[in-house]
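Source file: model.tsv; contents: TSV, N, CA and C atoms.
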```tsv
chain	number	residue	atom	x	y	z
M	1	MET	N	107.59	-52.37	-107.19
M	1	MET	CA	108.90	-52.71	-106.70
M	1	MET	C	108.97	-52.61	-105.17
M	2	ALA	N	108.38	-51.55	-104.63
M	2	ALA	CA	108.38	-51.38	-103.17
M	2	ALA	C	107.64	-52.52	-102.49
M	3	LEU	N	106.55	-52.99	-103.11
M	3	LEU	CA	105.80	-54.10	-102.55
M	3	LEU	C	106.63	-55.38	-102.53
M	4	VAL	N	107.42	-55.61	-103.57
M	4	VAL	CA	108.29	-56.79	-103.62
M	4	VAL	C	109.34	-56.71	-102.51
M	5	CYS	N	109.95	-55.54	-102.33
M	5	CYS	CA	110.96	-55.37	-101.28
M	5	CYS	C	110.34	-55.57	-99.90
M	6	PHE	N	109.14	-55.05	-99.71
M	6	PHE	CA	108.45	-55.22	-98.43
M	6	PHE	C	108.18	-56.70	-98.17
M	7	GLY	N	107.75	-57.41	-99.20
M	7	GLY	CA	107.47	-58.85	-99.06
M	7	GLY	C	108.72	-59.64	-98.74
M	8	LEU	N	109.85	-59.29	-99.36
M	8	LEU	CA	111.10	-59.97	-99.07
M	8	LEU	C	111.56	-59.70	-97.64
M	9	CYS	N	111.42	-58.46	-97.20
M	9	CYS	CA	111.81	-58.12	-95.83
M	9	CYS	C	110.93	-58.85	-94.83
M	10	LEU	N	109.65	-58.88	-95.09
M	10	LEU	CA	108.72	-59.55	-94.18
M	10	LEU	C	108.99	-61.05	-94.15
M	11	GLY	N	109.28	-61.63	-95.29
M	11	GLY	CA	109.57	-63.06	-95.35
M	11	GLY	C	110.84	-63.41	-94.61
M	12	GLY	N	111.83	-62.53	-94.61
M	12	GLY	CA	113.08	-62.78	-93.93
M	12	GLY	C	113.01	-62.55	-92.44
M	13	CYS	N	111.92	-62.05	-91.95
M	13	CYS	CA	111.79	-61.74	-90.52
M	13	CYS	C	111.06	-62.82	-89.75
M	14	GLY	N	110.86	-63.98	-90.36
M	14	GLY	CA	110.15	-65.05	-89.68
M	14	GLY	C	110.78	-65.42	-88.36
M	15	GLY	N	112.11	-65.47	-88.34
M	15	GLY	CA	112.82	-65.79	-87.11
M	15	GLY	C	112.59	-64.74	-86.04
M	16	LEU	N	112.45	-63.48	-86.48
M	16	LEU	CA	112.21	-62.40	-85.51
M	16	LEU	C	110.87	-62.56	-84.84
M	17	THR	N	109.86	-62.90	-85.61
M	17	THR	CA	108.52	-62.99	-85.04
M	17	THR	C	108.30	-64.29	-84.26
M	18	LYS	N	109.02	-65.34	-84.61
M	18	LYS	CA	108.83	-66.64	-83.94
M	18	LYS	C	109.93	-66.93	-82.92
M	19	GLY	N	110.95	-66.09	-82.87
M	19	GLY	CA	112.11	-66.35	-82.04
M	19	GLY	C	111.82	-66.48	-80.56
M	20	LYS	N	111.04	-65.58	-80.01
M	20	LYS	CA	110.74	-65.60	-78.57
M	20	LYS	C	110.00	-66.87	-78.19
M	21	ALA	N	108.98	-67.23	-78.95
M	21	ALA	CA	108.21	-68.44	-78.65
M	21	ALA	C	109.09	-69.69	-78.78
M	22	ALA	N	109.93	-69.73	-79.79
M	22	ALA	CA	110.83	-70.88	-79.98
M	22	ALA	C	111.83	-70.97	-78.84
M	23	ALA	N	112.35	-69.83	-78.38
M	23	ALA	CA	113.30	-69.82	-77.26
M	23	ALA	C	112.61	-70.24	-75.96
M	24	ASP	N	111.38	-69.78	-75.76
M	24	ASP	CA	110.62	-70.22	-74.57
M	24	ASP	C	110.49	-71.74	-74.55
M	25	ALA	N	110.15	-72.32	-75.69
M	25	ALA	CA	110.00	-73.78	-75.79
M	25	ALA	C	111.35	-74.47	-75.56
M	26	ALA	N	112.43	-73.89	-76.07
M	26	ALA	CA	113.75	-74.47	-75.90
M	26	ALA	C	114.18	-74.45	-74.42
M	27	ILE	N	113.80	-73.41	-73.71
M	27	ILE	CA	114.14	-73.33	-72.28
M	27	ILE	C	113.36	-74.38	-71.49
M	28	VAL	N	112.11	-74.57	-71.82
M	28	VAL	CA	111.32	-75.63	-71.17
M	28	VAL	C	111.99	-76.98	-71.41
M	29	ARG	N	112.38	-77.24	-72.65
M	29	ARG	CA	113.03	-78.50	-73.00
M	29	ARG	C	114.37	-78.64	-72.25
M	30	PHE	N	115.16	-77.55	-72.20
M	30	PHE	CA	116.44	-77.55	-71.48
M	30	PHE	C	116.22	-77.94	-70.02
M	31	HIS	N	115.25	-77.31	-69.35
M	31	HIS	CA	114.99	-77.60	-67.94
M	31	HIS	C	114.46	-79.02	-67.73
M	32	GLU	N	113.63	-79.51	-68.64
M	32	GLU	CA	113.15	-80.90	-68.54
M	32	GLU	C	114.32	-81.87	-68.64
M	33	GLN	N	115.20	-81.64	-69.60
M	33	GLN	CA	116.35	-82.52	-69.78
M	33	GLN	C	117.33	-82.40	-68.60
M	34	TYR	N	117.54	-81.18	-68.12
M	34	TYR	CA	118.39	-80.94	-66.96
M	34	TYR	C	117.85	-81.70	-65.75
M	35	ASN	N	116.56	-81.56	-65.46
M	35	ASN	CA	115.94	-82.22	-64.31
M	35	ASN	C	116.00	-83.74	-64.42
M	36	ALA	N	115.93	-84.26	-65.64
M	36	ALA	CA	115.98	-85.70	-65.86
M	36	ALA	C	117.42	-86.23	-65.91
M	37	GLY	N	118.40	-85.32	-65.81
M	37	GLY	CA	119.79	-85.72	-65.87
M	37	GLY	C	120.25	-86.09	-67.27
M	38	ARG	N	119.52	-85.64	-68.26
M	38	ARG	CA	119.84	-85.96	-69.66
M	38	ARG	C	120.75	-84.87	-70.26
M	39	LEU	N	121.93	-84.71	-69.69
M	39	LEU	CA	122.85	-83.67	-70.13
M	39	LEU	C	123.35	-83.93	-71.54
M	40	ASP	N	123.46	-85.22	-71.93
M	40	ASP	CA	123.85	-85.55	-73.31
M	40	ASP	C	122.82	-85.03	-74.31
M	41	ALA	N	121.55	-85.10	-73.95
M	41	ALA	CA	120.50	-84.63	-74.86
M	41	ALA	C	120.59	-83.12	-75.06
M	42	ILE	N	120.93	-82.39	-74.00
M	42	ILE	CA	121.12	-80.94	-74.14
M	42	ILE	C	122.30	-80.69	-75.07
M	43	TRP	N	123.41	-81.37	-74.84
M	43	TRP	CA	124.63	-81.20	-75.63
M	43	TRP	C	124.36	-81.52	-77.11
M	44	GLU	N	123.73	-82.65	-77.36
M	44	GLU	CA	123.49	-83.08	-78.74
M	44	GLU	C	122.49	-82.18	-79.46
M	45	GLY	N	121.55	-81.60	-78.74
M	45	GLY	CA	120.55	-80.74	-79.35
M	45	GLY	C	121.00	-79.30	-79.53
M	46	ALA	N	122.16	-78.98	-78.99
M	46	ALA	CA	122.67	-77.60	-79.08
M	46	ALA	C	123.27	-77.33	-80.45
M	47	HIS	N	123.40	-76.06	-80.75
M	47	HIS	CA	124.01	-75.61	-82.00
M	47	HIS	C	125.47	-76.05	-82.04
M	48	PRO	N	126.02	-76.35	-83.21
M	48	PRO	CA	127.45	-76.69	-83.31
M	48	PRO	C	128.36	-75.61	-82.70
M	49	LYS	N	127.94	-74.35	-82.72
M	49	LYS	CA	128.74	-73.28	-82.10
M	49	LYS	C	128.87	-73.52	-80.60
M	50	PHE	N	127.82	-74.01	-79.97
M	50	PHE	CA	127.85	-74.31	-78.53
M	50	PHE	C	128.85	-75.43	-78.26
M	51	ARG	N	128.77	-76.48	-79.06
M	51	ARG	CA	129.63	-77.64	-78.83
M	51	ARG	C	131.09	-77.34	-79.14
M	52	SER	N	131.35	-76.37	-80.02
M	52	SER	CA	132.74	-76.05	-80.35
M	52	SER	C	133.34	-75.01	-79.39
M	53	ALA	N	132.50	-74.36	-78.57
M	53	ALA	CA	132.98	-73.31	-77.66
M	53	ALA	C	133.71	-73.88	-76.44
M	54	SER	N	133.41	-75.12	-76.08
M	54	SER	CA	134.01	-75.72	-74.90
M	54	SER	C	134.00	-77.24	-75.07
M	55	LYS	N	134.84	-77.89	-74.32
M	55	LYS	CA	134.84	-79.35	-74.35
M	55	LYS	C	133.60	-79.86	-73.61
M	56	LYS	N	133.12	-81.00	-74.06
M	56	LYS	CA	131.93	-81.60	-73.44
M	56	LYS	C	132.15	-81.85	-71.95
M	57	GLU	N	133.35	-82.23	-71.57
M	57	GLU	CA	133.65	-82.50	-70.17
M	57	GLU	C	133.47	-81.25	-69.30
M	58	LYS	N	133.88	-80.09	-69.80
M	58	LYS	CA	133.73	-78.83	-69.07
M	58	LYS	C	132.26	-78.46	-68.93
M	59	TYR	N	131.51	-78.65	-70.00
M	59	TYR	CA	130.06	-78.40	-69.98
M	59	TYR	C	129.40	-79.29	-68.93
M	60	GLU	N	129.76	-80.57	-68.93
M	60	GLU	CA	129.17	-81.50	-67.96
M	60	GLU	C	129.57	-81.15	-66.53
M	61	GLN	N	130.82	-80.73	-66.32
M	61	GLN	CA	131.26	-80.31	-64.99
M	61	GLN	C	130.42	-79.15	-64.48
M	62	LEU	N	130.16	-78.18	-65.35
M	62	LEU	CA	129.34	-77.03	-64.96
M	62	LEU	C	127.95	-77.48	-64.54
M	63	LEU	N	127.28	-78.23	-65.39
M	63	LEU	CA	125.89	-78.61	-65.08
M	63	LEU	C	125.82	-79.59	-63.91
M	64	HIS	N	126.83	-80.44	-63.74
M	64	HIS	CA	126.85	-81.32	-62.56
M	64	HIS	C	127.00	-80.49	-61.28
M	65	ALA	N	127.83	-79.45	-61.33
M	65	ALA	CA	127.99	-78.58	-60.16
M	65	ALA	C	126.68	-77.88	-59.83
M	66	VAL	N	125.97	-77.42	-60.86
M	66	VAL	CA	124.68	-76.77	-60.63
M	66	VAL	C	123.70	-77.78	-60.03
M	67	GLN	N	123.66	-78.99	-60.58
M	67	GLN	CA	122.76	-80.02	-60.06
M	67	GLN	C	123.09	-80.37	-58.61
M	68	ASN	N	124.38	-80.55	-58.31
M	68	ASN	CA	124.78	-80.95	-56.97
M	68	ASN	C	124.49	-79.86	-55.93
M	69	LYS	N	124.74	-78.61	-56.28
M	69	LYS	CA	124.59	-77.53	-55.31
M	69	LYS	C	123.18	-76.95	-55.26
M	70	LEU	N	122.49	-76.90	-56.39
M	70	LEU	CA	121.18	-76.25	-56.42
M	70	LEU	C	120.02	-77.22	-56.59
M	71	GLY	N	120.26	-78.38	-57.14
M	71	GLY	CA	119.18	-79.34	-57.35
M	71	GLY	C	118.42	-79.09	-58.64
M	72	LYS	N	117.22	-79.61	-58.66
M	72	LYS	CA	116.37	-79.49	-59.86
M	72	LYS	C	115.71	-78.13	-59.93
M	73	VAL	N	115.33	-77.76	-61.15
M	73	VAL	CA	114.58	-76.53	-61.39
M	73	VAL	C	113.15	-76.75	-60.91
M	74	THR	N	112.65	-75.81	-60.09
M	74	THR	CA	111.25	-75.89	-59.65
M	74	THR	C	110.38	-74.86	-60.35
M	75	SER	N	110.96	-73.72	-60.73
M	75	SER	CA	110.20	-72.72	-61.49
M	75	SER	C	111.17	-71.76	-62.16
M	76	THR	N	110.68	-71.11	-63.18
M	76	THR	CA	111.49	-70.12	-63.89
M	76	THR	C	110.56	-69.07	-64.48
M	77	ALA	N	111.07	-67.86	-64.56
M	77	ALA	CA	110.29	-66.76	-65.14
M	77	ALA	C	111.23	-65.89	-65.97
M	78	ASN	N	110.73	-65.47	-67.10
M	78	ASN	CA	111.51	-64.62	-67.98
M	78	ASN	C	111.59	-63.22	-67.39
M	79	VAL	N	112.81	-62.66	-67.34
M	79	VAL	CA	112.98	-61.31	-66.83
M	79	VAL	C	113.44	-60.35	-67.92
M	80	ASN	N	113.96	-60.89	-69.02
M	80	ASN	CA	114.42	-60.03	-70.11
M	80	ASN	C	114.61	-60.89	-71.35
M	81	TRP	N	114.35	-60.31	-72.49
M	81	TRP	CA	114.59	-61.02	-73.75
M	81	TRP	C	114.87	-60.03	-74.87
M	82	ASN	N	115.56	-60.54	-75.88
M	82	ASN	CA	115.89	-59.72	-77.04
M	82	ASN	C	116.01	-60.62	-78.25
M	83	VAL	N	115.40	-60.21	-79.34
M	83	VAL	CA	115.52	-60.93	-80.61
M	83	VAL	C	116.12	-59.96	-81.61
M	84	GLY	N	117.17	-60.40	-82.27
M	84	GLY	CA	117.81	-59.55	-83.26
M	84	GLY	C	118.27	-60.37	-84.46
M	85	ALA	N	118.46	-59.69	-85.57
M	85	ALA	CA	118.92	-60.36	-86.78
M	85	ALA	C	120.09	-59.59	-87.37
M	86	PHE	N	121.09	-60.33	-87.81
M	86	PHE	CA	122.25	-59.75	-88.46
M	86	PHE	C	122.80	-60.78	-89.45
M	87	ASN	N	123.03	-60.36	-90.67
M	87	ASN	CA	123.57	-61.25	-91.71
M	87	ASN	C	122.74	-62.53	-91.85
M	88	ALA	N	121.45	-62.38	-91.91
M	88	ALA	CA	120.51	-63.49	-92.11
M	88	ALA	C	120.52	-64.51	-90.97
M	89	THR	N	121.03	-64.11	-89.80
M	89	THR	CA	121.03	-64.98	-88.62
M	89	THR	C	120.21	-64.31	-87.53
M	90	THR	N	119.22	-65.02	-87.03
M	90	THR	CA	118.39	-64.50	-85.94
M	90	THR	C	118.88	-65.08	-84.63
M	91	THR	N	119.16	-64.19	-83.68
M	91	THR	CA	119.65	-64.57	-82.36
M	91	THR	C	118.63	-64.14	-81.31
M	92	VAL	N	118.38	-65.03	-80.35
M	92	VAL	CA	117.45	-64.75	-79.26
M	92	VAL	C	118.22	-64.87	-77.95
M	93	LYS	N	118.16	-63.82	-77.15
M	93	LYS	CA	118.79	-63.83	-75.83
M	93	LYS	C	117.69	-63.75	-74.78
M	94	MET	N	117.78	-64.65	-73.81
M	94	MET	CA	116.76	-64.74	-72.76
M	94	MET	C	117.44	-64.76	-71.40
M	95	ALA	N	116.89	-64.00	-70.46
M	95	ALA	CA	117.34	-64.03	-69.07
M	95	ALA	C	116.19	-64.56	-68.23
M	96	GLN	N	116.48	-65.58	-67.43
M	96	GLN	CA	115.46	-66.25	-66.62
M	96	GLN	C	115.82	-66.16	-65.14
M	97	LYS	N	114.87	-65.80	-64.32
M	97	LYS	CA	115.00	-65.90	-62.86
M	97	LYS	C	114.52	-67.31	-62.53
M	98	THR	N	115.45	-68.16	-62.09
M	98	THR	CA	115.13	-69.57	-61.91
M	98	THR	C	115.27	-69.97	-60.45
M	99	VAL	N	114.28	-70.69	-59.96
M	99	VAL	CA	114.30	-71.22	-58.60
M	99	VAL	C	114.58	-72.72	-58.71
M	100	PHE	N	115.56	-73.15	-57.92
M	100	PHE	CA	115.94	-74.55	-57.84
M	100	PHE	C	115.50	-75.09	-56.48
M	101	GLU	N	115.66	-76.37	-56.27
M	101	GLU	CA	115.30	-76.98	-54.99
M	101	GLU	C	116.07	-76.38	-53.81
M	102	LYS	N	117.34	-76.00	-54.05
M	102	LYS	CA	118.19	-75.54	-52.96
M	102	LYS	C	118.76	-74.14	-53.18
M	103	GLY	N	118.12	-73.34	-53.98
M	103	GLY	CA	118.62	-71.99	-54.22
M	103	GLY	C	117.99	-71.37	-55.45
M	104	GLU	N	118.58	-70.28	-55.89
M	104	GLU	CA	118.06	-69.60	-57.07
M	104	GLU	C	119.20	-68.94	-57.82
M	105	GLY	N	118.89	-68.52	-59.04
M	105	GLY	CA	119.90	-67.87	-59.86
M	105	GLY	C	119.28	-67.25	-61.09
M	106	THR	N	120.11	-66.54	-61.82
M	106	THR	CA	119.69	-65.96	-63.09
M	106	THR	C	120.40	-66.71	-64.20
M	107	GLU	N	119.62	-67.33	-65.05
M	107	GLU	CA	120.16	-68.06	-66.18
M	107	GLU	C	120.08	-67.17	-67.42
M	108	SER	N	121.16	-67.19	-68.20
M	108	SER	CA	121.19	-66.48	-69.47
M	108	SER	C	121.34	-67.50	-70.59
M	109	PHE	N	120.43	-67.45	-71.52
M	109	PHE	CA	120.44	-68.35	-72.67
M	109	PHE	C	120.61	-67.52	-73.94
M	110	THR	N	121.41	-68.02	-74.88
M	110	THR	CA	121.49	-67.44	-76.21
M	110	THR	C	121.16	-68.55	-77.19
M	111	PHE	N	120.23	-68.25	-78.08
M	111	PHE	CA	119.80	-69.21	-79.10
M	111	PHE	C	120.01	-68.61	-80.48
M	112	GLU	N	120.22	-69.49	-81.45
M	112	GLU	CA	120.24	-69.09	-82.85
M	112	GLU	C	119.11	-69.85	-83.53
M	113	MET	N	118.34	-69.13	-84.32
M	113	MET	CA	117.21	-69.75	-84.99
M	113	MET	C	117.68	-70.60	-86.17
M	114	ASP	N	117.13	-71.80	-86.26
M	114	ASP	CA	117.34	-72.71	-87.39
M	114	ASP	C	115.96	-73.07	-87.89
M	115	GLY	N	115.49	-72.31	-88.87
M	115	GLY	CA	114.10	-72.44	-89.29
M	115	GLY	C	113.21	-71.92	-88.19
M	116	GLU	N	112.33	-72.77	-87.66
M	116	GLU	CA	111.45	-72.36	-86.56
M	116	GLU	C	111.92	-72.88	-85.21
M	117	LYS	N	113.12	-73.46	-85.16
M	117	LYS	CA	113.64	-74.05	-83.93
M	117	LYS	C	114.78	-73.19	-83.39
M	118	ALA	N	114.79	-72.99	-82.07
M	118	ALA	CA	115.85	-72.24	-81.40
M	118	ALA	C	116.89	-73.23	-80.88
M	119	LEU	N	118.13	-73.08	-81.36
M	119	LEU	CA	119.22	-73.96	-80.95
M	119	LEU	C	120.13	-73.22	-79.97
M	120	LEU	N	120.48	-73.89	-78.90
M	120	LEU	CA	121.30	-73.30	-77.85
M	120	LEU	C	122.70	-72.99	-78.37
M	121	VAL	N	123.10	-71.73	-78.19
M	121	VAL	CA	124.45	-71.28	-78.56
M	121	VAL	C	125.26	-70.93	-77.31
M	122	GLY	N	124.57	-70.47	-76.25
M	122	GLY	CA	125.27	-70.10	-75.04
M	122	GLY	C	124.41	-70.26	-73.81
M	123	TYR	N	125.05	-70.63	-72.70
M	123	TYR	CA	124.36	-70.76	-71.41
M	123	TYR	C	125.28	-70.25	-70.32
M	124	ASN	N	124.70	-69.49	-69.39
M	124	ASN	CA	125.44	-68.97	-68.25
M	124	ASN	C	124.48	-68.91	-67.07
M	125	ILE	N	125.02	-69.13	-65.88
M	125	ILE	CA	124.20	-68.99	-64.69
M	125	ILE	C	124.96	-68.15	-63.67
M	126	GLN	N	124.25	-67.23	-63.08
M	126	GLN	CA	124.78	-66.42	-61.99
M	126	GLN	C	123.96	-66.74	-60.75
M	127	SER	N	124.67	-67.19	-59.70
M	127	SER	CA	123.96	-67.59	-58.49
M	127	SER	C	124.90	-67.52	-57.30
M	128	MET	N	124.55	-66.72	-56.32
M	128	MET	CA	125.32	-66.70	-55.07
M	128	MET	C	125.19	-68.05	-54.36
M	129	ASP	N	124.03	-68.68	-54.49
M	129	ASP	CA	123.82	-70.00	-53.87
M	129	ASP	C	124.77	-71.04	-54.47
M	130	LEU	N	125.07	-70.92	-55.71
M	130	LEU	CA	125.99	-71.85	-56.37
M	130	LEU	C	127.40	-71.71	-55.81
M	131	ILE	N	127.75	-70.50	-55.44
M	131	ILE	CA	129.09	-70.23	-54.91
M	131	ILE	C	129.19	-70.56	-53.42
M	132	THR	N	128.16	-70.21	-52.67
M	132	THR	CA	128.25	-70.30	-51.21
M	132	THR	C	127.79	-71.63	-50.63
M	133	LYS	N	127.12	-72.46	-51.37
M	133	LYS	CA	126.62	-73.74	-50.85
M	133	LYS	C	127.56	-74.87	-51.15
```

Kindly transcribe the structure held in the file into structure tokens.
Amino acid sequence: MALVCFGLCLGGCGGLTKGKAAADAAIVRFHEQYNAGRLDAIWEGAHPKFRSASKKEKYEQLLHAVQNKLGKVTSTANVNWNVGAFNATTTVKMAQKTVFEKGEGTESFTFEMDGEKALLVGYNIQSMDLITK
């Protein structure tokens, strides 16, 4: 019986073990789409929770402001991450130190696992350059 319970627990943790790698790949994809100006692709590929949290126009205004003031992403590095599971939902939170053409900032991403894919649930950027430029 204990072996069966262990197997069920291990099987349910797939998102935990694959979450970080899936989120890393999702961030690469986000930055590629951002740099290419494909904001619709980011919106459409995001989790329904992301799309219901704000109007598409507000999302586009935010990313257009980031593009106009900071430019394209030139590099990014992970500074913090967390993978957790609650009620059969695996959530991955990532903090990135990101360098843009005209400044830098800290991006915060929240993803929810859908199978082996990380879907964007939340995005935030903190940047003095975004405010002062």

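Interatomic distance, atom N of M:Ala88 against atom C of M:Phe50: 20.3 Å.
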
DSSP on the backbone: which residues in chain M end up as alpha helix (DSSP H)? Give the answer as a VMD selection string.
chain M and resid 2 to 11 14 to 35 39 to 45 48 to 53 56 to 70 128 to 132

Within 9 Å of stretch 57-71 of chain M, which residues of stretch 19-52 of chain M show up? Give each one with its shortest atom-to-atom distance in Å (one decimal) and the two atoms involved, counting only C-alpha atoms, rows by chain then rising residue number, as JSON lines.
```
{"residue": "M:Tyr34", "atom": "CA", "partner": "M:Leu63", "partner_atom": "CA", "distance": 8.1}
{"residue": "M:Asn35", "atom": "CA", "partner": "M:Gly71", "partner_atom": "CA", "distance": 8.2}
{"residue": "M:Gly37", "atom": "CA", "partner": "M:Gln67", "partner_atom": "CA", "distance": 8.7}
{"residue": "M:Leu39", "atom": "CA", "partner": "M:Glu60", "partner_atom": "CA", "distance": 7.0}
{"residue": "M:Asp40", "atom": "CA", "partner": "M:Glu60", "partner_atom": "CA", "distance": 8.6}
{"residue": "M:Trp43", "atom": "CA", "partner": "M:Tyr59", "partner_atom": "CA", "distance": 8.3}
{"residue": "M:Arg51", "atom": "CA", "partner": "M:Tyr59", "partner_atom": "CA", "distance": 8.9}
```

Nearest to M:Lys117, restricted to only C-alpha atoms and choosing among M:Lys56, M:Val99, M:Thr91, M:Asn82, comes out as M:Thr91

Which distance in Å separates atom CA of M:Gly19 and atom C of M:Thr106, to one decimal?
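So the answer is 19.7 Å.
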
Using only C-alpha atoms, which of M:Asn80, M:Thr110, M:Gln33, M:Ser75 sits nearest M:Val92?
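Counting only C-alpha atoms, the residue closest to M:Val92 is M:Thr110.
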